[in-house]
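Notes to accompany the following structure.
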Amino acid sequence: MFKNKKIYVAPMMQYTDRHDRYFLRLISKNVILFTEMIPSNAIIYGNKKKLLEYNSNEHPIILQVGGSDPKEIAQCAIIAKDQYNYDGININIGCPSKKVENGMFGACLMDKPFLVGKCIKEIKKKSKIPVSVKCRIGLGKKQNYLFLKKFISCVSKNGCNKFFIHARNAVLTNFSPKKNRTIPTLNYKFVYKIKKDFPNLEIIINGGIDNIISVKNHLKFVDGVMIGREIYNNPFFLKKIEKEIFNNTTEITRKKILKKLIPYIENEIKENQTSVQSITRHTFGLFTGIKGSKYWKRYLNNIKFMKDNVKNIILNGIENINE
Ligand SMILES: Cc1cc2nc3c(=O)[nH]c(=O)nc-3n(C[C@H](O)[C@H](O)[C@H](O)COP(=O)(O)O)c2cc1C
């Protein structure tokens, strides 16, 4: 029933880092992961290894970039494909922060479809990497379907055939990024209508999707669903997605996932001097919905990890939770 439908974990700055993605991949084989947004100039001039390296287990993984200089964006595409083997590149046209607007990227680009089109064209000229755009349904307080349709039409004419649409407007004046993820009203109908008007495009819906019934319902109208906060706060939701969308009935438990994470943490400490907390913080929500969920977060916050006691600490901690 859900053949050819796809589920994506949304890019979330300071959350979906490589440790989080490795952890999520232990729960789900079938979802597609995204990096956090990385500005194009950081990719070109910054510490590439630190910004772009990831574990091969994370595939399929899409690199999200922020930028609007066609040459720079195309250079990022070449780096993503040829040096780091990403499975796709995605341009962020949805981020509403002031800082990003001043750098001429993010949601303000919804007003500049020709420039976005140029970026797409340049990427397609220089690289074979699949390219997509993540955008909003509009700008400002008023919703306007024609505005969205014109944007999609212009950008798709330049070669982009895949759009992730966060079903809210972005309000660039007076609203913080946080408010922009809650206050502008969700309008899923606009996204469904885009799929109807452009049946050949791959359309993925995003925004406020937090349960399996709603995932299944959206999949009747569009090609895929992208989920951010619900997966971060309740990562085991992915197990339900595996079972109900991908028909994967492999028996996994939360405790098994944590046991599988131990060698990864030990290796990270050894190879990269990574702090244990920067990995375990992503597991805070793992026991959401069962007794012990608060205990696990408190336990991790209060315990002192040393280089060589990670395994025992994690095993001792989960012993007190009845899964
Ligand atoms: C903390 C946080 C950071 C985010 N960072 C990004 C980002 O880097 N790039 C992006 O396109 N969207 C970003 N978003 C937006 C999400 O990708 C997503 O569009 C939004 O949260 C709505 O989906 P949800 O309701 O399933 O969380 C971020 C959202 C949050 C909560």
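Ligands are numbered from 1 in the order shown, residues from 1 within each chain, and chains are lettered A, B, ... in the order they appear in the structure tokens.
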
List the spatial neighbours of segment 203-211 of chain A as an mmCIF file with N, CA and C atoms, in the first residue's frame - criterion: any atom at most 8 Å away, only C-alpha atoms, same-chain residues fewer than 3 positions off excluded.
data_model
loop_
_atom_site.group_PDB
_atom_site.id
_atom_site.type_symbol
_atom_site.label_atom_id
_atom_site.label_comp_id
_atom_site.auth_asym_id
_atom_site.auth_seq_id
_atom_site.Cartn_x
_atom_site.Cartn_y
_atom_site.Cartn_z
ATOM 1 N N LYS A 162 11.901 17.746 -7.055
ATOM 2 C CA LYS A 162 11.544 17.232 -5.733
ATOM 3 C C LYS A 162 11.458 18.394 -4.731
ATOM 4 N N PHE A 163 10.314 18.507 -4.055
ATOM 5 C CA PHE A 163 10.106 19.620 -3.123
ATOM 6 C C PHE A 163 9.622 19.111 -1.775
ATOM 7 N N PHE A 164 10.259 19.573 -0.735
ATOM 8 C CA PHE A 164 9.816 19.330 0.633
ATOM 9 C C PHE A 164 9.088 20.601 1.047
ATOM 10 N N ILE A 165 7.827 20.470 1.390
ATOM 11 C CA ILE A 165 7.074 21.695 1.687
ATOM 12 C C ILE A 165 6.580 21.694 3.130
ATOM 13 N N HIS A 166 7.133 22.615 3.917
ATOM 14 C CA HIS A 166 6.661 22.846 5.286
ATOM 15 C C HIS A 166 5.374 23.656 5.138
ATOM 16 N N ALA A 167 4.244 23.051 5.554
ATOM 17 C CA ALA A 167 2.925 23.591 5.220
ATOM 18 C C ALA A 167 2.527 24.812 6.064
ATOM 19 N N ARG A 168 3.440 25.737 6.224
ATOM 20 C CA ARG A 168 3.177 26.994 6.955
ATOM 21 C C ARG A 168 3.831 28.130 6.198
ATOM 22 N N ARG A 181 7.605 28.175 13.736
ATOM 23 C CA ARG A 181 7.332 26.736 13.618
ATOM 24 C C ARG A 181 6.036 26.350 14.311
ATOM 25 N N LEU A 186 -1.063 25.819 9.853
ATOM 26 C CA LEU A 186 -0.739 24.739 8.920
ATOM 27 C C LEU A 186 -1.816 24.678 7.844
ATOM 28 N N TYR A 188 -2.295 22.002 4.977
ATOM 29 C CA TYR A 188 -1.859 20.836 4.199
ATOM 30 C C TYR A 188 -2.491 20.824 2.804
ATOM 31 N N VAL A 191 -0.421 21.922 -0.052
ATOM 32 C CA VAL A 191 0.612 20.964 -0.479
ATOM 33 C C VAL A 191 -0.024 19.873 -1.353
ATOM 34 N N ILE A 194 -0.579 21.286 -4.744
ATOM 35 C CA ILE A 194 0.648 21.349 -5.558
ATOM 36 C C ILE A 194 0.873 19.993 -6.228
ATOM 37 N N LYS A 195 0.678 18.910 -5.476
ATOM 38 C CA LYS A 195 0.865 17.576 -6.069
ATOM 39 C C LYS A 195 -0.134 17.356 -7.205
ATOM 40 N N SER A 214 -1.827 10.057 10.982
ATOM 41 C CA SER A 214 -1.695 11.220 10.110
ATOM 42 C C SER A 214 -0.630 10.972 9.027
ATOM 43 N N VAL A 215 0.419 10.219 9.335
ATOM 44 C CA VAL A 215 1.414 9.881 8.299
ATOM 45 C C VAL A 215 0.716 9.124 7.163
ATOM 46 N N HIS A 218 -1.579 11.404 5.043
ATOM 47 C CA HIS A 218 -0.859 12.278 4.095
ATOM 48 C C HIS A 218 -0.357 11.492 2.882
ATOM 49 N N VAL A 222 0.335 12.654 -1.156
ATOM 50 C CA VAL A 222 1.664 13.108 -1.592
ATOM 51 C C VAL A 222 2.641 11.926 -1.613
ATOM 52 N N ASP A 223 3.880 12.206 -2.059
ATOM 53 C CA ASP A 223 4.847 11.116 -2.252
ATOM 54 C C ASP A 223 5.620 10.758 -0.998
ATOM 55 N N GLY A 224 5.645 11.666 -0.042
ATOM 56 C CA GLY A 224 6.417 11.367 1.155
ATOM 57 C C GLY A 224 6.054 12.296 2.292
ATOM 58 N N VAL A 225 6.514 11.906 3.480
ATOM 59 C CA VAL A 225 6.267 12.698 4.681
ATOM 60 C C VAL A 225 7.608 12.975 5.345
ATOM 61 N N MET A 226 7.787 14.208 5.785
ATOM 62 C CA MET A 226 9.002 14.563 6.525
ATOM 63 C C MET A 226 8.608 14.927 7.956
ATOM 64 N N ILE A 227 9.333 14.345 8.915
ATOM 65 C CA ILE A 227 8.988 14.588 10.326
ATOM 66 C C ILE A 227 10.238 15.059 11.075
ATOM 67 N N GLY A 228 10.068 16.112 11.867
ATOM 68 C CA GLY A 228 11.192 16.648 12.632
ATOM 69 C C GLY A 228 11.057 16.393 14.113
ATOM 70 N N GLU A 230 8.767 15.355 16.272
ATOM 71 C CA GLU A 230 8.238 14.136 16.894
ATOM 72 C C GLU A 230 9.309 13.036 16.922
#

- Message: Give me the residues near Lys256 of chain A as a VMD selection string, where near means some atom within 12 Å (using only C-alpha atoms) and where sequence neighbours in that chain fewer than 3 positions away do not count.
- Response: chain A and resid 23 26 to 27 236 251 to 253 259 to 262 286 314 to 315 318 to 319 323

- as JSON, numbers by chain, list the residues of segment 143-282 of chain A assigned to strand (DSSP E) by DSSP on the backbone atoms of this structure. {"A": [162, 163, 164, 165, 166, 167, 168, 169, 170, 202, 203, 204, 205, 206, 224, 225, 226, 227]}

- From A:Gly103, A:Pro130, A:Pro113, A:Pro177, residue lying nearest ligand 1 [only C-alpha atoms and all ligand atoms]: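 Between A:Gly103, A:Pro130, A:Pro113, A:Pro177, the residue approaching ligand 1 most closely is A:Pro177.
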
- Looking at only C-alpha atoms, which of A:Leu109, A:Cys95, A:Lys150, A:Ser56 is the one that sits closest to Phe175 of chain A? A:Cys95

- Query: Looking at A:Gly117, A:Gly66, A:Gly46, A:Gly138, which one is nearest to ligand 1, with distances taken over only C-alpha atoms and all ligand atoms?
  - Reply: A:Gly66

Residues within 10 Å of Cys154 of chain A, only C-alpha atoms, excluding chain neighbours under 3 positions, as a PDB file with N, CA and C atoms, in the first residue's frame:
ATOM      1  N   LYS A 112      12.319  34.948  -4.477  1.00  0.00           N
ATOM      2  CA  LYS A 112      13.318  35.041  -5.557  1.00  0.00           C
ATOM      3  C   LYS A 112      13.388  33.716  -6.325  1.00  0.00           C
ATOM      4  N   PRO A 113      12.267  33.287  -6.892  1.00  0.00           N
ATOM      5  CA  PRO A 113      12.269  31.976  -7.565  1.00  0.00           C
ATOM      6  C   PRO A 113      13.265  31.887  -8.722  1.00  0.00           C
ATOM      7  N   PHE A 114      13.529  33.034  -9.395  1.00  0.00           N
ATOM      8  CA  PHE A 114      14.460  32.958 -10.533  1.00  0.00           C
ATOM      9  C   PHE A 114      15.878  32.681 -10.052  1.00  0.00           C
ATOM     10  N   LEU A 115      16.227  33.293  -8.920  1.00  0.00           N
ATOM     11  CA  LEU A 115      17.556  33.051  -8.357  1.00  0.00           C
ATOM     12  C   LEU A 115      17.680  31.586  -7.892  1.00  0.00           C
ATOM     13  N   VAL A 116      16.628  31.080  -7.253  1.00  0.00           N
ATOM     14  CA  VAL A 116      16.658  29.669  -6.821  1.00  0.00           C
ATOM     15  C   VAL A 116      16.796  28.776  -8.058  1.00  0.00           C
ATOM     16  N   GLY A 117      16.043  29.137  -9.105  1.00  0.00           N
ATOM     17  CA  GLY A 117      16.130  28.383 -10.357  1.00  0.00           C
ATOM     18  C   GLY A 117      17.547  28.370 -10.909  1.00  0.00           C
ATOM     19  N   LYS A 149       2.388  28.353  -6.107  1.00  0.00           N
ATOM     20  CA  LYS A 149       2.365  27.678  -7.400  1.00  0.00           C
ATOM     21  C   LYS A 149       3.406  28.287  -8.350  1.00  0.00           C
ATOM     22  N   LYS A 150       3.498  29.620  -8.334  1.00  0.00           N
ATOM     23  CA  LYS A 150       4.459  30.294  -9.208  1.00  0.00           C
ATOM     24  C   LYS A 150       5.883  29.924  -8.824  1.00  0.00           C
ATOM     25  N   PHE A 151       6.121  29.847  -7.504  1.00  0.00           N
ATOM     26  CA  PHE A 151       7.460  29.496  -7.020  1.00  0.00           C
ATOM     27  C   PHE A 151       7.834  28.086  -7.509  1.00  0.00           C
ATOM     28  N   LYS A 157      10.880  24.348 -13.453  1.00  0.00           N
ATOM     29  CA  LYS A 157      11.262  24.534 -14.866  1.00  0.00           C
ATOM     30  C   LYS A 157      12.780  24.538 -15.031  1.00  0.00           C
ATOM     31  N   ASN A 158      13.476  24.871 -13.974  1.00  0.00           N
ATOM     32  CA  ASN A 158      14.935  24.880 -14.037  1.00  0.00           C
ATOM     33  C   ASN A 158      15.552  23.538 -13.651  1.00  0.00           C
ATOM     34  N   GLY A 159      14.732  22.539 -13.436  1.00  0.00           N
ATOM     35  CA  GLY A 159      15.291  21.191 -13.260  1.00  0.00           C
ATOM     36  C   GLY A 159      15.105  20.561 -11.892  1.00  0.00           C
ATOM     37  N   CYS A 160      14.410  21.237 -10.973  1.00  0.00           N
ATOM     38  CA  CYS A 160      14.202  20.625  -9.656  1.00  0.00           C
ATOM     39  C   CYS A 160      12.880  19.846  -9.697  1.00  0.00           C
TER      40      CYS A 160
END

- Task: Determine which residues of segment 30-269 of chain A receive a DSSP assignment of helix (DSSP H, G or I), computed from the backbone, and state them as an NGL selection string.
- Result: :A and (40-45 or 48-52 or 56-58 or 70-83 or 98-102 or 107-111 or 113-126 or 145-157 or 179-181 or 188-197 or 212-218 or 229-233 or 237-246 or 254-269)
